[in-house]
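**Student:** Input file: run03.txt. Contents: compact mmCIF, N, CA and C atoms.
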# COMPACT_ATOMS: atom_id res chain seq x y z
N MET A 1 171.01 -81.94 -130.95
CA MET A 1 172.10 -82.63 -131.59
C MET A 1 172.34 -81.98 -132.95
N THR A 2 173.57 -81.77 -133.27
CA THR A 2 173.94 -81.20 -134.56
C THR A 2 174.11 -82.32 -135.57
N VAL A 3 173.46 -82.17 -136.72
CA VAL A 3 173.63 -83.15 -137.79
C VAL A 3 174.96 -82.86 -138.46
N ARG A 4 175.80 -83.88 -138.53
CA ARG A 4 177.14 -83.72 -139.08
C ARG A 4 177.20 -84.28 -140.49
N SER A 5 178.22 -83.84 -141.20
CA SER A 5 178.41 -84.34 -142.56
C SER A 5 178.90 -85.78 -142.53
N LYS A 6 178.81 -86.41 -143.66
CA LYS A 6 179.21 -87.82 -143.79
C LYS A 6 180.66 -88.00 -143.38
N GLY A 7 180.92 -89.07 -142.61
CA GLY A 7 182.28 -89.40 -142.21
C GLY A 7 182.74 -88.76 -140.92
N VAL A 8 181.86 -88.04 -140.21
CA VAL A 8 182.23 -87.40 -138.95
C VAL A 8 181.65 -88.22 -137.81
N MET A 9 182.51 -88.57 -136.86
CA MET A 9 182.09 -89.36 -135.71
C MET A 9 182.30 -88.54 -134.44
N GLU A 10 181.34 -88.59 -133.54
CA GLU A 10 181.45 -87.85 -132.29
C GLU A 10 181.18 -88.78 -131.11
N LYS A 11 181.72 -88.42 -129.96
CA LYS A 11 181.49 -89.18 -128.73
C LYS A 11 180.07 -88.91 -128.25
N CYS A 12 179.43 -89.94 -127.76
CA CYS A 12 178.08 -89.80 -127.24
C CYS A 12 178.10 -88.95 -125.97
N THR A 13 177.16 -88.01 -125.87
CA THR A 13 177.03 -87.17 -124.69
C THR A 13 175.78 -87.55 -123.88
N PHE A 14 175.14 -88.65 -124.26
CA PHE A 14 173.89 -89.08 -123.64
C PHE A 14 172.83 -87.97 -123.74
N CYS A 15 172.89 -87.24 -124.86
CA CYS A 15 171.95 -86.14 -125.12
C CYS A 15 171.99 -85.13 -123.97
N VAL A 16 173.16 -84.57 -123.76
CA VAL A 16 173.38 -83.64 -122.64
C VAL A 16 172.36 -82.51 -122.62
N GLN A 17 171.88 -82.09 -123.79
CA GLN A 17 170.89 -81.01 -123.83
C GLN A 17 169.60 -81.44 -123.14
N ARG A 18 169.24 -82.69 -123.24
CA ARG A 18 168.04 -83.20 -122.56
C ARG A 18 168.28 -83.27 -121.05
N ILE A 19 169.47 -83.66 -120.65
CA ILE A 19 169.82 -83.73 -119.23
C ILE A 19 169.75 -82.34 -118.60
N ILE A 20 170.35 -81.37 -119.26
CA ILE A 20 170.36 -80.00 -118.75
C ILE A 20 168.94 -79.45 -118.65
N GLU A 21 168.13 -79.70 -119.66
CA GLU A 21 166.75 -79.22 -119.64
C GLU A 21 165.97 -79.81 -118.47
N ALA A 22 166.14 -81.10 -118.22
CA ALA A 22 165.44 -81.76 -117.10
C ALA A 22 165.94 -81.25 -115.76
N LYS A 23 167.26 -81.05 -115.64
CA LYS A 23 167.82 -80.51 -114.39
C LYS A 23 167.31 -79.11 -114.12
N ASP A 24 167.29 -78.26 -115.15
CA ASP A 24 166.81 -76.89 -114.99
C ASP A 24 165.35 -76.87 -114.55
N GLU A 25 164.53 -77.71 -115.16
CA GLU A 25 163.11 -77.79 -114.81
C GLU A 25 162.94 -78.25 -113.36
N ALA A 26 163.73 -79.24 -112.96
CA ALA A 26 163.65 -79.74 -111.58
C ALA A 26 164.08 -78.67 -110.58
N VAL A 27 165.15 -77.94 -110.88
CA VAL A 27 165.62 -76.87 -110.00
C VAL A 27 164.54 -75.80 -109.87
N ASN A 28 163.91 -75.43 -110.98
CA ASN A 28 162.85 -74.42 -110.95
C ASN A 28 161.67 -74.86 -110.08
N GLN A 29 161.46 -76.16 -110.00
CA GLN A 29 160.36 -76.70 -109.19
C GLN A 29 160.82 -77.11 -107.79
N GLY A 30 162.11 -76.90 -107.49
CA GLY A 30 162.63 -77.20 -106.16
C GLY A 30 162.68 -78.68 -105.82
N ARG A 31 163.05 -79.48 -106.78
CA ARG A 31 163.09 -80.93 -106.57
C ARG A 31 164.25 -81.53 -107.36
N ASN A 32 164.48 -82.84 -107.17
CA ASN A 32 165.47 -83.57 -107.95
C ASN A 32 164.84 -84.08 -109.24
N VAL A 33 165.67 -84.42 -110.19
CA VAL A 33 165.19 -85.02 -111.43
C VAL A 33 164.65 -86.40 -111.09
N ARG A 34 163.45 -86.69 -111.58
CA ARG A 34 162.81 -87.98 -111.30
C ARG A 34 163.26 -89.03 -112.31
N GLU A 35 163.21 -90.28 -111.86
CA GLU A 35 163.56 -91.38 -112.76
C GLU A 35 162.62 -91.37 -113.96
N GLY A 36 163.19 -91.52 -115.14
CA GLY A 36 162.41 -91.55 -116.37
C GLY A 36 162.18 -90.20 -117.00
N GLU A 37 162.60 -89.11 -116.33
CA GLU A 37 162.41 -87.78 -116.90
C GLU A 37 163.39 -87.48 -118.02
N VAL A 38 164.54 -88.12 -118.01
CA VAL A 38 165.55 -87.90 -119.05
C VAL A 38 165.70 -89.20 -119.83
N THR A 39 165.46 -89.10 -121.13
CA THR A 39 165.62 -90.25 -122.00
C THR A 39 166.43 -89.82 -123.21
N PRO A 40 167.64 -90.35 -123.38
CA PRO A 40 168.43 -90.02 -124.56
C PRO A 40 167.73 -90.52 -125.83
N ALA A 41 168.05 -89.93 -126.95
CA ALA A 41 167.42 -90.29 -128.22
C ALA A 41 167.57 -91.77 -128.54
N CYS A 42 168.73 -92.34 -128.23
CA CYS A 42 168.95 -93.76 -128.54
C CYS A 42 167.98 -94.64 -127.76
N ALA A 43 167.78 -94.34 -126.48
CA ALA A 43 166.86 -95.13 -125.66
C ALA A 43 165.41 -94.91 -126.10
N GLN A 44 165.10 -93.68 -126.47
CA GLN A 44 163.75 -93.34 -126.90
C GLN A 44 163.39 -94.07 -128.20
N SER A 45 164.37 -94.24 -129.07
CA SER A 45 164.08 -94.84 -130.37
C SER A 45 164.36 -96.34 -130.43
N CYS A 46 164.85 -96.94 -129.35
CA CYS A 46 165.17 -98.37 -129.34
C CYS A 46 163.88 -99.19 -129.26
N PRO A 47 163.54 -99.94 -130.31
CA PRO A 47 162.27 -100.66 -130.32
C PRO A 47 162.19 -101.79 -129.29
N SER A 48 163.32 -102.31 -128.87
CA SER A 48 163.30 -103.42 -127.90
C SER A 48 163.52 -102.96 -126.46
N HIS A 49 163.65 -101.64 -126.25
CA HIS A 49 163.88 -101.07 -124.92
C HIS A 49 165.13 -101.65 -124.27
N ALA A 50 166.13 -101.93 -125.08
CA ALA A 50 167.37 -102.52 -124.59
C ALA A 50 168.32 -101.50 -123.98
N ILE A 51 168.04 -100.21 -124.19
CA ILE A 51 168.89 -99.15 -123.66
C ILE A 51 168.18 -98.51 -122.48
N VAL A 52 168.83 -98.52 -121.32
CA VAL A 52 168.26 -97.96 -120.10
C VAL A 52 169.16 -96.84 -119.63
N PHE A 53 168.58 -95.70 -119.26
CA PHE A 53 169.34 -94.54 -118.82
C PHE A 53 168.79 -94.10 -117.48
N GLY A 54 169.68 -93.69 -116.58
CA GLY A 54 169.21 -93.22 -115.29
C GLY A 54 170.33 -92.79 -114.39
N ASN A 55 170.00 -92.61 -113.12
CA ASN A 55 170.93 -92.10 -112.12
C ASN A 55 171.61 -93.27 -111.40
N LEU A 56 172.88 -93.47 -111.68
CA LEU A 56 173.63 -94.55 -111.02
C LEU A 56 173.86 -94.28 -109.54
N LYS A 57 173.72 -93.03 -109.11
CA LYS A 57 173.92 -92.70 -107.70
C LYS A 57 172.71 -93.06 -106.84
N ASP A 58 171.58 -93.32 -107.49
CA ASP A 58 170.37 -93.72 -106.78
C ASP A 58 170.29 -95.24 -106.79
N PRO A 59 170.54 -95.89 -105.65
CA PRO A 59 170.55 -97.35 -105.62
C PRO A 59 169.20 -97.99 -105.94
N GLU A 60 168.13 -97.21 -105.87
CA GLU A 60 166.79 -97.73 -106.17
C GLU A 60 166.41 -97.57 -107.63
N SER A 61 167.23 -96.88 -108.42
CA SER A 61 166.89 -96.66 -109.82
C SER A 61 167.01 -97.96 -110.61
N ARG A 62 166.28 -98.03 -111.70
CA ARG A 62 166.31 -99.23 -112.54
C ARG A 62 167.71 -99.49 -113.07
N VAL A 63 168.38 -98.42 -113.49
CA VAL A 63 169.72 -98.59 -114.07
C VAL A 63 170.71 -99.10 -113.02
N SER A 64 170.58 -98.66 -111.78
CA SER A 64 171.45 -99.16 -110.70
C SER A 64 171.19 -100.63 -110.41
N ARG A 65 169.92 -101.00 -110.40
CA ARG A 65 169.58 -102.41 -110.16
C ARG A 65 170.09 -103.30 -111.30
N LEU A 66 169.97 -102.83 -112.53
CA LEU A 66 170.48 -103.61 -113.67
C LEU A 66 171.99 -103.75 -113.61
N ARG A 67 172.66 -102.71 -113.14
CA ARG A 67 174.12 -102.75 -113.06
C ARG A 67 174.59 -103.79 -112.03
N GLN A 68 173.75 -104.10 -111.07
CA GLN A 68 174.08 -105.10 -110.05
C GLN A 68 173.74 -106.52 -110.51
N ASP A 69 173.08 -106.64 -111.64
CA ASP A 69 172.71 -107.95 -112.19
C ASP A 69 173.97 -108.77 -112.44
N LYS A 70 173.89 -110.07 -112.22
CA LYS A 70 175.07 -110.92 -112.40
C LYS A 70 175.53 -110.98 -113.85
N ARG A 71 174.67 -110.59 -114.79
CA ARG A 71 175.06 -110.57 -116.20
C ARG A 71 175.75 -109.27 -116.61
N ALA A 72 175.76 -108.28 -115.73
CA ALA A 72 176.31 -106.96 -116.07
C ALA A 72 177.84 -106.98 -116.11
N TYR A 73 178.36 -106.27 -117.09
CA TYR A 73 179.82 -106.07 -117.18
C TYR A 73 180.10 -104.72 -117.81
N ARG A 74 181.30 -104.21 -117.58
CA ARG A 74 181.74 -102.92 -118.11
C ARG A 74 183.03 -103.14 -118.90
N VAL A 75 183.08 -102.57 -120.09
CA VAL A 75 184.26 -102.72 -120.95
C VAL A 75 185.45 -101.99 -120.33
N LEU A 76 186.58 -102.64 -120.28
CA LEU A 76 187.84 -102.11 -119.75
C LEU A 76 187.76 -101.71 -118.28
N ASP A 77 186.82 -102.29 -117.56
CA ASP A 77 186.66 -101.99 -116.13
C ASP A 77 187.92 -102.34 -115.34
N HIS A 78 188.65 -103.34 -115.80
CA HIS A 78 189.87 -103.77 -115.11
C HIS A 78 190.97 -102.70 -115.13
N LEU A 79 190.81 -101.68 -115.98
CA LEU A 79 191.78 -100.58 -116.04
C LEU A 79 191.41 -99.45 -115.08
N TYR A 80 190.35 -99.66 -114.29
CA TYR A 80 189.89 -98.68 -113.29
C TYR A 80 189.54 -97.33 -113.91
N THR A 81 188.94 -97.37 -115.10
CA THR A 81 188.51 -96.14 -115.76
C THR A 81 187.12 -95.70 -115.31
N ARG A 82 186.47 -96.51 -114.49
CA ARG A 82 185.14 -96.23 -113.96
C ARG A 82 184.12 -95.92 -115.06
N PRO A 83 183.97 -96.83 -116.01
CA PRO A 83 183.02 -96.58 -117.10
C PRO A 83 181.59 -96.47 -116.57
N ALA A 84 180.82 -95.56 -117.15
CA ALA A 84 179.43 -95.36 -116.74
C ALA A 84 178.48 -96.26 -117.51
N VAL A 85 178.95 -96.84 -118.59
CA VAL A 85 178.11 -97.69 -119.43
C VAL A 85 178.33 -99.15 -119.04
N SER A 86 177.24 -99.85 -118.81
CA SER A 86 177.29 -101.28 -118.51
C SER A 86 176.53 -102.03 -119.59
N TYR A 87 176.89 -103.28 -119.75
CA TYR A 87 176.24 -104.16 -120.72
C TYR A 87 175.76 -105.39 -119.98
N LEU A 88 174.71 -106.01 -120.50
CA LEU A 88 174.23 -107.27 -119.94
C LEU A 88 174.52 -108.38 -120.93
N LYS A 89 175.13 -109.45 -120.44
CA LYS A 89 175.40 -110.61 -121.29
C LYS A 89 174.08 -111.20 -121.76
N ALA A 90 174.09 -111.73 -122.97
CA ALA A 90 172.89 -112.33 -123.54
C ALA A 90 172.49 -113.58 -122.76
N ILE A 91 171.22 -113.83 -122.73
CA ILE A 91 170.71 -115.06 -122.13
C ILE A 91 170.60 -116.08 -123.25
N ARG A 92 171.30 -117.17 -123.09
CA ARG A 92 171.29 -118.23 -124.10
C ARG A 92 170.24 -119.26 -123.72
N ARG A 93 169.36 -119.51 -124.63
CA ARG A 93 168.33 -120.53 -124.42
C ARG A 93 168.93 -121.90 -124.72
N ASN A 94 168.50 -122.90 -124.00
CA ASN A 94 168.98 -124.26 -124.21
C ASN A 94 168.49 -124.77 -125.56
N GLN A 95 169.41 -125.03 -126.46
CA GLN A 95 169.07 -125.48 -127.81
C GLN A 95 169.14 -127.00 -127.94
N SER A 96 169.30 -127.72 -126.85
CA SER A 96 169.50 -129.17 -126.92
C SER A 96 168.19 -129.96 -127.04
N HIS A 97 167.05 -129.28 -126.96
CA HIS A 97 165.77 -129.99 -127.09
C HIS A 97 165.59 -130.50 -128.51
N LYS A 98 165.28 -131.77 -128.63
CA LYS A 98 165.04 -132.35 -129.95
C LYS A 98 163.58 -132.77 -130.04
N SER A 99 162.97 -132.44 -131.16
CA SER A 99 161.55 -132.76 -131.35
C SER A 99 161.37 -134.11 -131.96
Written as structure tokens, that's how I'd like the structure from this file.
**Tutor:**
Amino acid sequence: MTVRSKGVMEKCTFCVQRIIEAKDEAVNQGRNVREGEVTPACAQSCPSHAIVFGNLKDPESRVSRLRQDKRAYRVLDHLYTRPAVSYLKAIRRNQSHKS
């Protein structure tokens, strides 16, 4: 990743350099990229592990299973833009208990 000067914003590439490196290594070994082999910097540094990255084409992958969760939604999905990023709605705890 190139460090940019103040005030410069760039689109996230999901750390494409890490993806390419993992794909090249897998090709050299004659196999597919395994789940968990590619971790973008944001997911790696997230202390709560709230960011999950993986292969959406693999129905058994963690990211595919999370995308099927009833809490999952995609921003502007109704415009048929086929967004690759999904979000999970927060779980609200019942606050009505009185002590």
**Student:** Just list as a PyMOL selection string whatever in chain A DSSP marks as alpha helix (DSSP H).
**Tutor:** chain A and resi 16-28+41-45+62-67
**Student:** Between atom CA of A:Val16 and atom CA of A:Gln68, measure the distance and give it in Å to one decimal.
**Tutor:** 24.9 Å
**Student:** How far is it from atom N of A:Val3 to atom C of A:Pro83, in Å with one decimal?
**Tutor:** 26.0 Å
**Student:** Any idea what the distance is between atom CA of A:Thr39 and atom C of A:Arg62?
**Tutor:**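 One can read the atom CA of A:Thr39 to atom C of A:Arg62 distance as 13.0 Å.
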**Student:** Hey, what's within 10 Å of A:Ala43 if we count only C-alpha atoms and toss same-chain stuff fewer than 6 positions away? As a PyMOL selection string, please?
**Tutor:** chain A and resi 14+49-53
**Student:** Assign secondary structure with DSSP using the backbone only, and return the residues of chain A in strand (DSSP E) as a list in words.
**Tutor:**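 Restricting chain A to strand (DSSP E) produces Ala72, Tyr73, Tyr87 and Leu88 of chain A.
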**Student:** Write a file of the selected residues as a compact mmCIF listing (two decimals), keeping the file's coordinate frame, keeping N, CA and C atoms.
**Tutor:**
# COMPACT_ATOMS: atom_id res chain seq x y z
N ALA A 72 175.76 -108.28 -115.73
CA ALA A 72 176.31 -106.96 -116.07
C ALA A 72 177.84 -106.98 -116.11
N TYR A 73 178.36 -106.27 -117.09
CA TYR A 73 179.82 -106.07 -117.18
C TYR A 73 180.10 -104.72 -117.81
N TYR A 87 176.89 -103.28 -119.75
CA TYR A 87 176.24 -104.16 -120.72
C TYR A 87 175.76 -105.39 -119.98
N LEU A 88 174.71 -106.01 -120.50
CA LEU A 88 174.23 -107.27 -119.94
C LEU A 88 174.52 -108.38 -120.93
**Student:** Counting only C-alpha atoms, figure out which residue out of A:Arg18, A:Gly36, A:Thr81, A:Cys46 gets nearest to A:Val63.
**Tutor:**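 The answer is A:Gly36, which sits nearest to A:Val63.
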